[in-house]
file start-v8.txt (compact mmCIF, C-alpha atoms)
# COMPACT_ATOMS: atom_id res chain seq x y z
CA MET A 28 -166.54 -159.04 83.66
CA ARG A 29 -166.03 -155.86 81.72
CA LEU A 30 -162.91 -157.39 80.09
CA VAL A 31 -164.87 -160.45 78.98
CA LEU A 32 -167.55 -158.23 77.51
CA ARG A 33 -164.92 -156.25 75.62
CA LEU A 34 -163.39 -159.45 74.30
CA ILE A 35 -166.76 -160.68 73.08
CA VAL A 36 -167.40 -157.37 71.32
CA LEU A 37 -163.95 -157.58 69.73
CA VAL A 38 -164.55 -161.15 68.50
CA VAL A 39 -167.91 -160.16 67.03
CA ILE A 40 -166.34 -157.17 65.26
CA VAL A 41 -163.49 -159.28 63.85
CA ALA A 42 -165.96 -161.94 62.70
CA ALA A 43 -168.17 -159.31 61.08
CA ILE A 44 -165.20 -157.79 59.25
CA GLY A 45 -164.12 -161.27 58.15
CA LEU A 46 -167.57 -162.11 56.86
CA TRP A 47 -167.74 -158.77 55.06
CA PHE A 48 -164.46 -159.36 53.23
CA THR A 49 -165.33 -162.96 52.39
CA ARG A 50 -168.97 -162.39 51.43
CA PRO A 51 -170.14 -163.86 48.11
CA LYS A 52 -169.47 -161.20 45.48
CA THR A 53 -171.83 -160.39 42.64
CA ASP A 54 -172.07 -157.87 39.82
CA GLY A 55 -175.21 -156.13 38.67
CA PRO A 56 -176.61 -156.43 35.13
CA GLU A 57 -174.68 -153.31 34.04
CA VAL A 58 -171.58 -155.52 33.53
CA LEU A 59 -173.34 -157.14 30.56
CA ALA A 60 -175.25 -154.07 29.38
CA GLY A 61 -175.30 -153.32 25.66
CA LEU A 62 -173.94 -156.72 24.59
CA THR A 63 -175.69 -158.59 21.78
CA ALA A 64 -175.70 -162.37 22.18
CA ASP A 65 -174.18 -164.60 19.49
CA PRO A 66 -175.29 -168.19 20.22
CA ALA A 67 -172.95 -169.64 17.56
CA HIS A 68 -169.94 -168.21 19.39
CA GLY A 69 -171.59 -169.39 22.60
CA GLU A 70 -171.37 -172.95 21.31
CA THR A 71 -167.60 -172.53 20.87
CA VAL A 72 -167.33 -171.19 24.43
CA PHE A 73 -169.43 -174.14 25.66
CA THR A 74 -167.29 -176.70 23.83
CA ALA A 75 -163.94 -175.14 24.69
CA SER A 76 -164.98 -174.83 28.34
CA GLY A 77 -165.91 -178.50 28.52
CA CYS A 78 -169.24 -177.86 30.28
CA ALA A 79 -170.80 -181.11 29.06
CA SER A 80 -167.81 -183.27 30.01
CA CYS A 81 -168.59 -182.77 33.69
CA HIS A 82 -172.31 -181.96 33.66
CA MET A 83 -173.59 -184.66 31.27
CA ALA A 84 -175.15 -187.73 32.84
CA LYS A 85 -172.65 -190.54 33.38
CA GLY A 86 -171.40 -192.37 30.31
CA PHE A 87 -173.36 -190.45 27.69
CA GLU A 88 -172.02 -189.97 24.18
CA GLY A 89 -172.79 -187.88 21.10
CA GLU A 90 -175.89 -185.68 21.19
CA ALA A 91 -176.92 -187.12 24.57
CA LYS A 92 -173.96 -185.29 26.11
CA LEU A 93 -176.02 -182.12 25.77
CA VAL A 94 -178.49 -183.36 28.39
CA LEU A 95 -176.75 -181.64 31.29
CA SER A 96 -178.56 -183.45 34.08
CA GLY A 97 -175.39 -183.93 36.14
CA GLY A 98 -174.62 -186.75 38.53
CA GLN A 99 -170.97 -187.53 37.75
CA GLU A 100 -168.81 -187.92 40.84
CA PHE A 101 -165.57 -186.07 41.48
CA PRO A 102 -163.65 -187.56 44.41
CA SER A 103 -161.12 -185.30 46.15
CA PRO A 104 -159.22 -185.11 49.46
CA PHE A 105 -162.11 -182.98 50.78
CA GLY A 106 -164.86 -185.43 49.89
CA THR A 107 -166.87 -186.30 46.79
CA PHE A 108 -168.47 -183.63 44.65
CA HIS A 109 -171.49 -184.40 42.46
CA ALA A 110 -171.91 -182.38 39.28
CA PRO A 111 -175.28 -180.61 39.51
CA ASN A 112 -178.03 -180.45 36.91
CA ILE A 113 -177.38 -177.42 34.67
CA SER A 114 -179.97 -178.38 32.05
CA MET A 115 -182.66 -175.92 30.98
CA ASP A 116 -185.19 -177.26 33.48
CA PRO A 117 -186.20 -174.14 35.47
CA ASP A 118 -186.46 -176.04 38.77
CA ALA A 119 -183.97 -178.93 38.64
CA GLY A 120 -181.54 -177.09 36.37
CA ILE A 121 -180.66 -173.50 35.49
CA GLY A 122 -183.39 -172.78 32.93
CA ASP A 123 -184.51 -169.71 34.87
CA TRP A 124 -181.04 -168.12 35.06
CA THR A 125 -180.44 -164.78 33.45
CA ALA A 126 -177.12 -163.99 31.77
CA ILE A 127 -176.00 -162.09 34.87
CA ASP A 128 -176.71 -165.15 37.05
CA LEU A 129 -174.39 -167.15 34.78
CA TRP A 130 -171.79 -164.38 34.90
CA ASN A 131 -171.82 -164.31 38.71
CA ALA A 132 -171.52 -168.11 38.87
CA LEU A 133 -168.58 -168.26 36.45
CA HIS A 134 -166.79 -165.03 37.37
CA HIS A 135 -167.36 -164.85 41.13
CA GLY A 136 -168.34 -168.43 42.00
CA THR A 137 -171.56 -167.06 43.47
CA SER A 138 -174.99 -168.66 43.03
CA PRO A 139 -178.20 -166.70 42.31
CA ASP A 140 -179.22 -167.18 45.97
CA ASN A 141 -175.92 -165.61 47.02
CA GLN A 142 -174.02 -168.70 48.15
CA HIS A 143 -170.39 -169.56 47.46
CA TYR A 144 -169.86 -172.38 44.96
CA TYR A 145 -167.11 -174.87 45.60
CA PRO A 146 -164.14 -174.30 43.28
CA VAL A 147 -164.77 -177.73 41.76
CA LEU A 148 -166.67 -175.44 39.40
CA PRO A 149 -163.47 -174.00 37.93
CA TYR A 150 -164.33 -170.32 38.35
CA GLY A 151 -160.62 -169.77 39.05
CA ALA A 152 -160.29 -170.26 35.27
CA TYR A 153 -163.67 -168.93 34.11
CA ILE A 154 -162.97 -165.63 35.92
CA HIS A 155 -160.94 -164.85 32.77
CA LEU A 156 -163.96 -165.12 30.44
CA ASP A 157 -165.08 -161.89 28.80
CA PRO A 158 -168.59 -160.60 29.47
CA GLN A 159 -169.29 -161.24 25.77
CA ASP A 160 -168.29 -164.92 26.13
CA VAL A 161 -170.75 -165.38 29.01
CA VAL A 162 -173.61 -163.60 27.23
CA ASP A 163 -173.04 -165.81 24.16
CA LEU A 164 -172.76 -168.97 26.27
CA HIS A 165 -176.01 -168.11 28.03
CA ALA A 166 -177.77 -167.61 24.69
CA TYR A 167 -176.46 -170.93 23.33
CA MET A 168 -177.53 -172.85 26.43
CA GLN A 169 -181.15 -171.67 26.07
CA ASP A 170 -181.53 -174.13 23.18
CA LEU A 171 -180.24 -177.14 25.14
CA PRO A 172 -182.68 -179.71 26.53
CA ALA A 173 -184.37 -179.60 29.95
CA ASP A 174 -184.16 -182.56 32.31
CA ALA A 175 -185.90 -182.84 35.68
CA THR A 176 -183.36 -185.13 37.39
CA PRO A 177 -182.63 -183.52 40.78
CA SER A 178 -179.03 -182.54 41.62
CA GLN A 179 -177.28 -184.73 44.20
CA PRO A 180 -175.85 -183.01 47.29
CA HIS A 181 -172.05 -182.99 47.62
CA ASP A 182 -170.59 -185.42 50.12
CA ILE A 183 -168.00 -183.18 51.79
CA SER A 184 -166.54 -183.68 55.25
CA PHE A 185 -166.31 -181.10 58.06
CA PRO A 186 -164.93 -178.40 58.04
CA PHE A 187 -164.91 -178.17 54.25
CA ASN A 188 -168.70 -178.41 54.16
CA ILE A 189 -168.95 -174.86 55.58
CA ARG A 190 -169.57 -172.80 52.49
CA LEU A 191 -168.93 -169.51 54.31
CA ALA A 192 -165.26 -170.49 54.55
CA LEU A 193 -165.04 -170.51 50.75
CA GLY A 194 -164.96 -166.72 50.87
CA GLY A 195 -161.55 -167.03 52.53
CA TRP A 196 -160.46 -169.51 49.87
CA LYS A 197 -161.45 -167.05 47.14
CA LEU A 198 -159.61 -164.24 48.90
CA LEU A 199 -156.45 -166.37 48.86
CA PHE A 200 -156.64 -168.07 45.47
CA LEU A 201 -159.13 -166.36 43.14
CA ASN A 202 -157.63 -163.61 40.99
CA GLU A 203 -157.97 -162.17 37.53
CA GLY A 204 -154.27 -162.24 36.64
CA TRP A 205 -153.03 -164.40 33.76
CA ALA A 206 -150.28 -166.96 34.32
CA MET A 207 -148.62 -166.24 30.96
CA GLU A 208 -147.87 -162.53 30.80
CA GLY A 209 -146.08 -160.19 28.45
CA ASP A 210 -146.51 -159.08 24.87
CA LEU A 211 -148.21 -162.08 23.25
CA SER A 212 -148.86 -162.73 19.55
CA PRO A 213 -152.54 -163.01 18.54
CA GLU A 214 -152.13 -166.81 18.38
CA LEU A 215 -150.64 -167.00 21.88
CA THR A 216 -153.32 -164.64 23.20
CA ARG A 217 -155.99 -166.98 21.82
CA GLY A 218 -154.07 -169.98 23.16
CA ARG A 219 -153.95 -168.39 26.60
CA GLU A 220 -157.70 -167.75 26.51
CA LEU A 221 -158.32 -171.41 25.58
CA VAL A 222 -155.84 -172.89 28.09
CA GLU A 223 -156.16 -170.59 31.09
CA ALA A 224 -159.81 -169.50 30.82
CA MET A 225 -162.09 -171.86 28.89
CA GLY A 226 -160.12 -175.10 28.81
CA HIS A 227 -159.23 -174.78 32.53
CA CYS A 228 -156.22 -177.05 31.85
CA ALA A 229 -154.51 -175.98 35.09
CA GLU A 230 -157.30 -177.50 37.19
CA CYS A 231 -155.75 -180.92 36.58
CA HIS A 232 -152.26 -180.16 35.27
CA THR A 233 -151.13 -177.75 38.04
CA PRO A 234 -150.34 -179.02 41.55
CA ARG A 235 -152.43 -177.80 44.50
CA ASN A 236 -151.56 -176.76 48.04
CA ALA A 237 -153.10 -178.24 51.20
CA LEU A 238 -156.14 -175.97 50.88
CA GLY A 239 -156.76 -177.00 47.30
CA GLY A 240 -155.48 -173.74 45.81
CA LEU A 241 -153.43 -173.92 42.61
CA LYS A 242 -149.69 -173.40 43.07
CA GLU A 243 -148.90 -170.79 40.46
CA GLY A 244 -145.57 -169.33 39.30
CA ALA A 245 -142.94 -172.00 38.62
CA ASN A 246 -145.46 -174.76 39.30
CA TRP A 247 -147.86 -173.68 36.52
CA LEU A 248 -148.94 -176.70 34.42
CA THR A 249 -146.13 -178.87 35.80
CA GLY A 250 -148.41 -181.85 36.41
CA ALA A 251 -150.11 -183.13 39.54
CA PRO A 252 -151.41 -186.26 41.21
CA ASN A 253 -154.99 -187.21 40.38
CA PRO A 254 -157.20 -186.14 43.33
CA ALA A 255 -159.39 -189.17 42.59
CA GLY A 256 -156.55 -191.26 43.99
CA ARG A 257 -154.87 -193.11 41.15
CA GLY A 258 -152.37 -191.91 38.57
CA THR A 259 -151.03 -188.46 37.73
CA PHE A 260 -151.74 -185.69 35.25
CA PRO A 261 -148.67 -185.07 33.11
CA ASP A 262 -146.27 -182.14 33.25
CA LEU A 263 -146.90 -179.86 30.24
CA THR A 264 -143.71 -177.81 30.54
CA PRO A 265 -140.39 -178.48 28.80
CA PRO A 266 -138.34 -180.64 28.86
CA GLU A 267 -140.96 -183.09 30.22
CA MET A 268 -143.40 -182.16 27.45
CA SER A 269 -141.33 -183.10 24.42
CA TRP A 270 -144.08 -183.38 21.79
CA SER A 271 -143.84 -181.11 18.75
CA GLU A 272 -146.58 -178.62 17.91
CA ALA A 273 -147.74 -180.92 15.09
CA GLU A 274 -147.92 -183.84 17.52
CA LEU A 275 -149.92 -181.78 19.99
CA VAL A 276 -152.36 -180.72 17.27
CA GLU A 277 -152.71 -184.38 16.21
CA TYR A 278 -153.45 -185.33 19.83
CA PHE A 279 -156.10 -182.59 20.10
CA THR A 280 -157.65 -183.68 16.79
CA SER A 281 -157.64 -187.50 16.76
CA GLY A 282 -156.53 -188.30 20.31
CA PHE A 283 -153.42 -190.09 19.03
CA THR A 284 -150.23 -189.66 21.05
CA PRO A 285 -146.90 -189.64 19.18
CA GLU A 286 -146.69 -193.37 19.99
CA PHE A 287 -150.20 -193.84 18.55
CA ASP A 288 -151.76 -194.69 21.82
CA THR A 289 -154.95 -192.72 22.52
CA ALA A 290 -155.98 -190.21 25.16
CA GLY A 291 -157.33 -191.89 28.28
CA GLY A 292 -159.45 -191.03 31.29
CA HIS A 293 -161.00 -187.58 31.44
CA MET A 294 -158.55 -186.35 28.78
CA ALA A 295 -160.44 -188.45 26.22
CA LEU A 296 -163.45 -186.21 26.89
CA VAL A 297 -161.29 -183.11 26.60
CA VAL A 298 -160.01 -184.30 23.21
CA GLU A 299 -163.59 -184.82 22.00
CA ASN A 300 -164.21 -181.14 22.80
CA LEU A 301 -160.97 -179.91 21.27
CA ALA A 302 -161.61 -181.92 18.10
CA ALA A 303 -164.85 -179.96 17.64
CA LEU A 304 -163.04 -176.59 17.73
CA PRO A 305 -161.62 -174.86 14.65
CA GLU A 306 -158.16 -176.07 13.58
CA GLU A 307 -156.63 -172.65 14.46
CA ASP A 308 -157.79 -173.04 18.05
CA ARG A 309 -156.03 -176.39 18.41
CA ALA A 310 -152.91 -174.84 16.91
CA ALA A 311 -153.19 -171.92 19.35
CA ILE A 312 -153.32 -174.30 22.33
CA ALA A 313 -150.28 -176.16 20.99
CA ALA A 314 -148.43 -172.86 20.55
CA TYR A 315 -149.25 -171.89 24.15
CA ILE A 316 -147.97 -175.24 25.48
CA LYS A 317 -144.73 -174.91 23.51
CA ALA A 318 -144.30 -171.34 24.85
CA LEU A 319 -144.32 -172.49 28.50
CA PRO A 320 -140.99 -171.76 30.20
CA ILE A 321 -138.58 -174.44 31.35
CA ARG A 322 -139.29 -174.74 35.03
CA MET B 30 -169.21 -205.18 7.06
CA LYS B 31 -171.49 -208.11 7.81
CA SER B 32 -168.63 -210.59 7.45
CA VAL B 33 -166.55 -208.70 10.00
CA ARG B 34 -169.43 -208.75 12.43
CA THR B 35 -169.77 -212.51 11.92
CA ILE B 36 -166.06 -213.07 12.54
CA LEU B 37 -166.14 -210.91 15.64
CA LEU B 38 -169.20 -212.71 16.95
CA GLY B 39 -166.99 -215.77 17.22
CA LEU B 40 -165.15 -213.84 19.94
CA ALA B 41 -167.22 -214.97 22.87
CA ALA B 42 -167.27 -218.65 21.97
CA ALA B 43 -163.62 -218.81 20.96
CA GLY B 44 -162.61 -217.03 24.12
CA THR B 45 -164.16 -219.71 26.30
CA ILE B 46 -162.29 -222.50 24.53
CA ALA B 47 -159.03 -220.58 24.60
CA GLY B 48 -159.22 -220.22 28.38
CA GLY B 49 -157.79 -223.71 28.87
CA VAL B 50 -155.05 -223.24 26.30
CA THR B 51 -153.94 -220.00 27.95
CA ALA B 52 -153.81 -221.47 31.42
CA ALA B 53 -151.42 -224.15 30.21
CA SER B 54 -149.21 -221.97 28.02
CA HIS B 55 -148.06 -219.22 30.34
CA GLU B 56 -145.24 -219.39 32.79
CA ALA B 57 -144.27 -216.67 35.27
CA GLY B 58 -145.10 -213.60 33.09
CA VAL B 59 -148.36 -212.53 31.55
CA PRO B 60 -150.39 -215.18 29.69
CA ALA B 61 -149.63 -215.71 26.01
CA SER B 62 -153.11 -214.46 25.14
CA VAL B 63 -152.36 -211.12 26.80
CA LYS B 64 -149.00 -210.89 25.02
CA ALA B 65 -150.76 -211.60 21.73
CA ARG B 66 -153.35 -208.86 22.13
CA GLN B 67 -150.71 -206.38 23.30
CA ALA B 68 -148.65 -207.29 20.24
CA THR B 69 -151.72 -206.64 18.09
CA MET B 70 -151.96 -203.16 19.62
CA GLN B 71 -148.31 -202.58 18.68
CA LEU B 72 -149.08 -203.61 15.11
CA TYR B 73 -151.86 -201.02 15.06
CA ALA B 74 -149.48 -198.38 16.43
CA PHE B 75 -146.73 -199.28 13.95
CA ASN B 76 -149.01 -198.95 10.93
CA LEU B 77 -150.64 -195.81 12.33
CA GLY B 78 -147.11 -194.43 12.66
CA THR B 79 -146.68 -194.40 8.89
CA ILE B 80 -150.01 -192.70 8.27
CA GLY B 81 -149.57 -190.31 11.19
CA ALA B 82 -146.10 -189.23 10.11
CA MET B 83 -147.58 -188.20 6.74
CA ALA B 84 -150.55 -186.49 8.39
CA GLN B 85 -148.23 -184.42 10.59
CA GLY B 86 -145.85 -183.55 7.75
CA ASN B 87 -142.93 -185.57 9.13
CA MET B 88 -142.90 -187.82 6.08
CA ASP B 89 -143.70 -187.04 2.45
CA TYR B 90 -147.13 -188.23 1.39
CA ASP B 91 -146.88 -191.53 -0.45
CA ALA B 92 -150.24 -192.94 -1.55
CA GLU B 93 -148.91 -196.46 -1.93
CA ALA B 94 -147.24 -196.67 1.48
CA ALA B 95 -150.21 -195.01 3.18
CA THR B 96 -152.63 -197.42 1.51
CA ALA B 97 -150.53 -200.43 2.50
CA ALA B 98 -150.47 -199.29 6.13
CA ALA B 99 -154.22 -198.65 6.10
CA GLN B 100 -154.84 -202.08 4.57
CA ASN B 101 -152.94 -203.61 7.48
CA LEU B 102 -155.22 -201.73 9.87
CA VAL B 103 -158.24 -203.14 8.05
CA LYS B 104 -156.81 -206.65 8.33
CA LEU B 105 -155.92 -206.26 11.99
CA SER B 106 -159.39 -204.98 12.80
CA SER B 107 -161.11 -207.86 11.00
CA MET B 108 -159.01 -210.58 12.63
CA ASN B 109 -160.74 -213.04 14.93
CA GLN B 110 -159.13 -212.03 18.21
CA GLY B 111 -161.35 -214.24 20.37
CA PRO B 112 -158.60 -216.44 21.84
CA MET B 113 -156.52 -213.37 22.75
CA TRP B 114 -159.28 -212.19 25.06
CA ALA B 115 -159.42 -215.35 27.14
CA PRO B 116 -161.62 -215.30 30.25
CA GLY B 117 -159.64 -214.80 33.45
CA THR B 118 -157.27 -212.20 31.94
CA SER B 119 -158.86 -208.94 33.10
CA THR B 120 -157.47 -206.42 35.60
CA ASP B 121 -159.49 -208.27 38.24
CA ASP B 122 -157.59 -211.49 37.55
CA ILE B 123 -153.97 -210.74 36.70
CA GLU B 124 -151.17 -208.16 36.74
CA GLY B 125 -149.74 -206.77 33.50
CA THR B 126 -153.00 -205.91 31.76
CA ARG B 127 -155.27 -202.86 31.66
CA ALA B 128 -158.17 -204.81 30.13
CA LEU B 129 -161.24 -204.10 32.27
CA PRO B 130 -163.69 -206.87 33.21
CA ALA B 131 -166.39 -205.00 31.24
CA ILE B 132 -164.93 -206.52 28.05
CA TRP B 133 -166.27 -209.90 29.11
CA THR B 134 -169.64 -208.66 30.36
CA ASP B 135 -170.50 -206.25 27.54
CA MET B 136 -169.93 -208.34 24.42
CA ASP B 137 -172.46 -206.33 22.37
CA GLY B 138 -170.62 -203.10 23.15
CA VAL B 139 -167.25 -204.65 22.32
CA ILE B 140 -168.46 -205.93 18.96
CA GLU B 141 -170.14 -202.63 18.11
CA LYS B 142 -166.88 -200.77 18.78
CA ALA B 143 -164.80 -203.37 16.93
CA VAL B 144 -167.03 -203.01 13.88
CA ALA B 145 -166.76 -199.22 14.11
CA LEU B 146 -162.96 -199.51 14.14
CA ASN B 147 -163.02 -201.77 11.10
CA GLU B 148 -165.22 -199.21 9.30
CA ALA B 149 -162.93 -196.34 10.24
CA ALA B 150 -159.91 -198.33 9.02
CA ALA B 151 -161.69 -199.06 5.72
CA ALA B 152 -162.48 -195.33 5.38
CA MET B 153 -158.79 -194.61 5.97
CA GLU B 154 -157.82 -197.11 3.29
CA THR B 155 -159.90 -195.18 0.76
CA ALA B 156 -158.72 -191.79 2.02
CA ALA B 157 -155.05 -192.77 2.17
CA GLY B 158 -155.00 -193.51 -1.56
CA GLU B 159 -156.76 -190.26 -2.51
CA SER B 160 -154.71 -187.38 -1.15
CA LEU B 161 -152.91 -186.06 1.90
CA GLU B 162 -155.93 -183.90 2.75
CA SER B 163 -158.26 -186.92 2.71
CA LEU B 164 -155.80 -188.87 4.84
CA GLN B 165 -155.64 -186.06 7.37
CA GLY B 166 -159.42 -185.82 7.37
CA ALA B 167 -159.79 -189.52 8.18
CA MET B 168 -157.44 -189.42 11.19
CA GLY B 169 -160.05 -188.03 13.55
CA ALA B 170 -162.58 -190.81 13.03
CA LEU B 171 -159.87 -193.44 13.30
CA GLY B 172 -158.54 -191.97 16.53
CA GLY B 173 -162.09 -191.70 17.82
CA ALA B 174 -162.73 -195.38 17.12
CA CYS B 175 -159.53 -196.42 18.94
CA GLY B 176 -160.33 -194.08 21.81
CA ASP B 177 -163.96 -195.22 22.21
CA CYS B 178 -162.80 -198.72 23.03
CA HIS B 179 -159.99 -197.53 25.31
CA LYS B 180 -162.36 -195.20 27.12
CA ALA B 181 -164.86 -197.95 27.83
CA TYR B 182 -162.63 -200.97 28.39
CA ARG B 183 -159.13 -199.91 29.37
CA GLN B 184 -158.09 -199.00 32.89
CA PRO B 185 -156.72 -195.43 33.01
CA GLU B 186 -153.03 -195.17 33.88
call {"tool": "encode", "arguments": {"input": "start-v8.txt", "output": "structure tokens"}}
result
Amino acid sequence: MRLVLRLIVLVVIVAAIGLWFTRPKTDGPEVLAGLTADPAHGETVFTASGCASCHMAKGFEGEAKLVLSGGQEFPSPFGTFHAPNISMDPDAGIGDWTAIDLWNALHHGTSPDNQHYYPVLPYGAYIHLDPQDVVDLHAYMQDLPADATPSQPHDISFPFNIRLALGGWKLLFLNEGWAMEGDLSPELTRGRELVEAMGHCAECHTPRNALGGLKEGANWLTGAPNPAGRGTFPDLTPPEMSWSEAELVEYFTSGFTPEFDTAGGHMALVVENLAALPEEDRAAIAAYIKALPIR
Amino acid sequence: MKSVRTILLGLAAAGTIAGGVTAASHEAGVPASVKARQATMQLYAFNLGTIGAMAQGNMDYDAEAATAAAQNLVKLSSMNQGPMWAPGTSTDDIEGTRALPAIWTDMDGVIEKAVALNEAAAAMETAAGESLESLQGAMGALGGACGDCHKAYRQPE
């Protein structure tokens, strides 16, 4: 009897330690203290990060893409995720969020009510955003429309529907390290920021393990099957990626491939975003891609 | 652009008539109508290749050659393609095509995008004769017009 009791106490202690280490992390407002918001730069962050591509209502184009009422479906081996409403509606959307709420969502994957977000929100990439980027993004988003469409719940199967377990996922796969390291030129540094942080290119172009974590190292940006079931995302490393820098920039500007086909699927939406960035940013992304090592 | 719209409006009607022709003309492979529209896409790509090579600095800018290529794009985009888009040749019906059924159910959308492509090609014709900078500036809109149709009506790979 006494042994059983001891075992129970041990299990409770281990569980408590586990929960402590995997608890949703947050920062206080001091992380953003003293920063002055620049909404114009926030628009660049918004565009480069592709927020609207996932959070716009299905099939919208042009200005309507800025109505971030959500609803697009993202099928995966774990179930189907539904992009939530992140419009400026204070109830249905995120209109009541402070800049620190946005920071905690993007940097820690933690919601204002202290829940883990699923990594379908690519905080594994956004963790690399600077505090200034997030403050600017928050300021820009204040001017976007409000929409009262309620968010749809995710349709995720057991055991992946247990959000507490996401703390373990973060412990394993969420880190602040860059994939491309070393002494980088200013152009490559900007390219890395656009590819690894804002553009979250690896989310599709890097293969994942059984738990949905990105395989880093030699697997970085080497292509992956589409979790939605059909097709693959191409390998961006040499020699598979044989396009020249000029051809990459053309693709990011007009969507034309070197064979003068056009970008398809979700990449068409990415190209729309990239086309709206300054020319130097598209060149920086191309420079980053061409600097990837042969695997 | 009204004339182009009128030509394109013939698409739906012509397509229905062509259905019978197509059924008779194809053997084991894809129907002749599908081959014809895929060949049209290759003609777009070939002419875009000339303009694109100049835009990317792989070929010296030549106003005459660029204009000729752009004129071909204008002609291709104002052709009556109705018979090439015969009913019964979508991804639901046959192998060897990525043409989604929406093409046949959203005729207004198809025509709107076809007219937009024709306008972007006409803008390229003007730009191509002006300067390399103008040509480069017109690439985005042209690519966007191609992509809008592919996004809506072509099955992703």
call {"tool": "interface_residues", "arguments": {"input": "start-v8.txt", "of": "chain A", "to": "chain B", "cutoff": "7 Å", "atoms": "all atoms listed in the file", "output": "MDAnalysis selection string"}}
result
chainID A and resid 258 273:274 280:283 286:292
call {"tool": "closest_atom_pairs", "arguments": {"input": "start-v8.txt", "of": "range 240-264 of chain A", "to": "range 226-229 of chain A", "cutoff": "9 Å", "atoms": "only C-alpha atoms", "output": "CSV"}}
result
residue,atom,partner,partner_atom,distance
A:Leu241,CA,A:Ala229,CA,7.9
A:Trp247,CA,A:Ala229,CA,7.2
A:Leu248,CA,A:Ala229,CA,5.7
A:Thr249,CA,A:Ala229,CA,8.9
A:Gly250,CA,A:Ala229,CA,8.6
call {"tool": "closest_residue", "arguments": {"input": "start-v8.txt", "among": "A:Leu319, A:Leu238, A:Leu30, A:Leu148", "to": "Gly77 in chain A", "atoms": "only C-alpha atoms"}}
result
A:Leu148
call {"tool": "atom_distance", "arguments": {"input": "start-v8.txt", "atom1": "CA of Tyr90 in chain B", "atom2": "CA of Gly158 in chain B"}}
result
9.9 Å
call {"tool": "residues_around", "arguments": {"input": "start-v8.txt", "residues": "range 91-97 of chain B", "least_positions_apart": "3", "cutoff": "9 Å", "atoms": "only C-alpha atoms", "output": "NGL selection string"}}
result
:B and (76 or 79-80 or 83 or 88 or 100-102 or 153-161 or 164)
call {"tool": "closest_residue", "arguments": {"input": "start-v8.txt", "among": "A:Pro234, A:Pro111, A:Gly69, A:Pro265", "to": "Ala251 in chain A", "atoms": "all atoms listed in the file"}}
result
A:Pro234
